[in-house]
Amino acid sequence: MSKIFDGHGDIWNDVVKKRLAGEKHIIQTHHLDKFKKGQIASGIFVVWIDTPPDNKPEIRFKEIVDAMHAELDENANHLHAVKKMEDFDIAASLGKFPIVLGIEGMDGLKNLSELEQMYNEGFRHASLTWNTANAFATGVKGNPNGGLTQMGIKAIELMESKGMLVDVSHLNEKSFWDVVKYAKKPFIASHSNARKLCNVPRNLSDAQILAIKKSDGLIGLNAFREFIHVDSDKQTLSSYVDHIVYMVKLAGIDHVGLGFDFVDYLDEDAMGTFATGDLMYTKELENCTKAQGIVKELAQRGFSTDDIHKICFNNFMRVLALTL
């Protein structure tokens with residue numbers, strides 16, 4: 001067994017959906033027991049808006065953020081938002097679950113003042129865009145010639161000065177290399193896999209993986225089936241661990257983590273914005289309750305206990321300590 005830090009979870013989408021339907025205490029009721037079963041000890045939980053089809057991203061972004069704050073307030077006895085590294089110890093001493101608040105894509109923000117306001121509200125992580133383009137950057141489905149905008153460059157400067165973790169998952173190649181050019185602190189790809197093993201645009205080339213290593217950041221491996229293998233029969237936990245093994249050999253044991261992107265937080269409408277074919281989960285890694293299967297598989301492949309702890313938890317702690 002090893003405690004796990006999940007570098008990417010869309011849990012606020014589940015929270016807002018259930019709260020709009022009249023429920024409260026969503027994480028306590030639906031998720032904490034699952035975290036315990038999978039030994040998920042913490043994670044980056046992100047606000048993600050599926051644009052398109054949402055044609056009013058600012059409104060949807062605020063709706064999710066408001067639901068997030070309401071959930072945190074109502075579950076103050078169980079949840080603790082991490083704003084500085086000491087908060088992990090504080091949460092442990094109080095028996096609470098520590099959460100790093102994140103933003104997946106700044107489509108709901110119009111300017112740097114709004115980004116700074118998100119920092120003031122407790123956010124300590126952000127990626128500049130999702131798959132499309134916005135005022136800050138271009139995603140993998142956008143114009144390949146589009147990179148960081150001037151506001152995107154300033155956003156990186158602002159995030160690093162404040163103590164927010166920069167995330168390059170979903171960026172197109174030009175935007176990615178612009179981040180490499182302008183970032184001065186370690187950055188991460190919170191939920192991306194190796195393109196050599198699964199040749200899809202969302203995965204990283206070897207050069208990108210090595211650039212993240214050079215920044216002293218890390219890559220969180222994504223458990224979504226379509227980023228694991230192009231053959232649906234091989235979208236399995238074992239193939240997921242193949243990506244971990246590949247990343248460790250290429251970038252080193254200190255630069256690999258877990259960023260599951262579990263899809264059970266999303267409904268079919270949200271899934272339909274990026275998934276193809278039948279909506280199905282990765283075999284033997286359907287949700288966070290199955291996460292310890294990764295630990296078992298890593299041990300069977302010869303990883304030491306110390307190295308497993310690095311992959312599962314300690315590497316994210318190291319990078320967060322360098323950035324928060």
# chains A, B, ... in the order shown; residues from 1 in each chain; ligands from 1
call {"tool": "select_by_dssp", "arguments": {"residues": "segment 25-105 of chain A", "states": "helix (DSSP H, G or I)", "output": "ChimeraX atom specification"}}
result
/A:26-38,57-74,86-94
call {"tool": "residues_around", "arguments": {"residues": "Cys288 of chain A", "least_positions_apart": "5", "cutoff": "7 Å", "atoms": "only C-alpha atoms", "output": "list of chain:residue names"}}
result
A:Lys34, A:Phe35, A:Gly38
call {"tool": "write_last_selection", "arguments": {"atoms": "N, CA and C atoms", "output": "tab-separated table (two decimals), in the first residue's frame"}}
result
chain	number	residue	atom	x	y	z
A	34	LYS	N	-14.54	6.38	-1.01
A	34	LYS	CA	-13.81	5.87	-2.17
A	34	LYS	C	-12.34	6.27	-2.10
A	35	PHE	N	-12.07	7.51	-1.64
A	35	PHE	CA	-10.68	7.93	-1.47
A	35	PHE	C	-9.96	7.01	-0.47
A	38	GLY	N	-9.05	3.62	-1.96
A	38	GLY	CA	-7.92	3.69	-2.88
A	38	GLY	C	-6.67	4.31	-2.31
call {"tool": "atom_distance", "arguments": {"atom1": "atom CA of Leu218 of chain A", "atom2": "atom CA of Val256 of chain A"}}
result
5.3 Å
call {"tool": "closest_residue", "arguments": {"among": "A:Ala207, A:Leu298, A:Met85, A:Met1", "to": "Val319 of chain A", "atoms": "only C-alpha atoms"}}
result
A:Met85
call {"tool": "residues_around", "arguments": {"residues": "Leu221 of chain A", "least_positions_apart": "2", "cutoff": "12 Å", "atoms": "only C-alpha atoms", "output": "ChimeraX atom specification"}}
result
/A:5-8,169,188-195,202-204,209,218-219,223-225,227-228,237,239-248,255-262,294,311-312
call {"tool": "residues_around", "arguments": {"residues": "Glu104 of chain A", "least_positions_apart": "4", "cutoff": "7 Å", "atoms": "only C-alpha atoms", "output": "PyMOL selection string"}}
result
chain A and resi 46-48+126-127+129-130
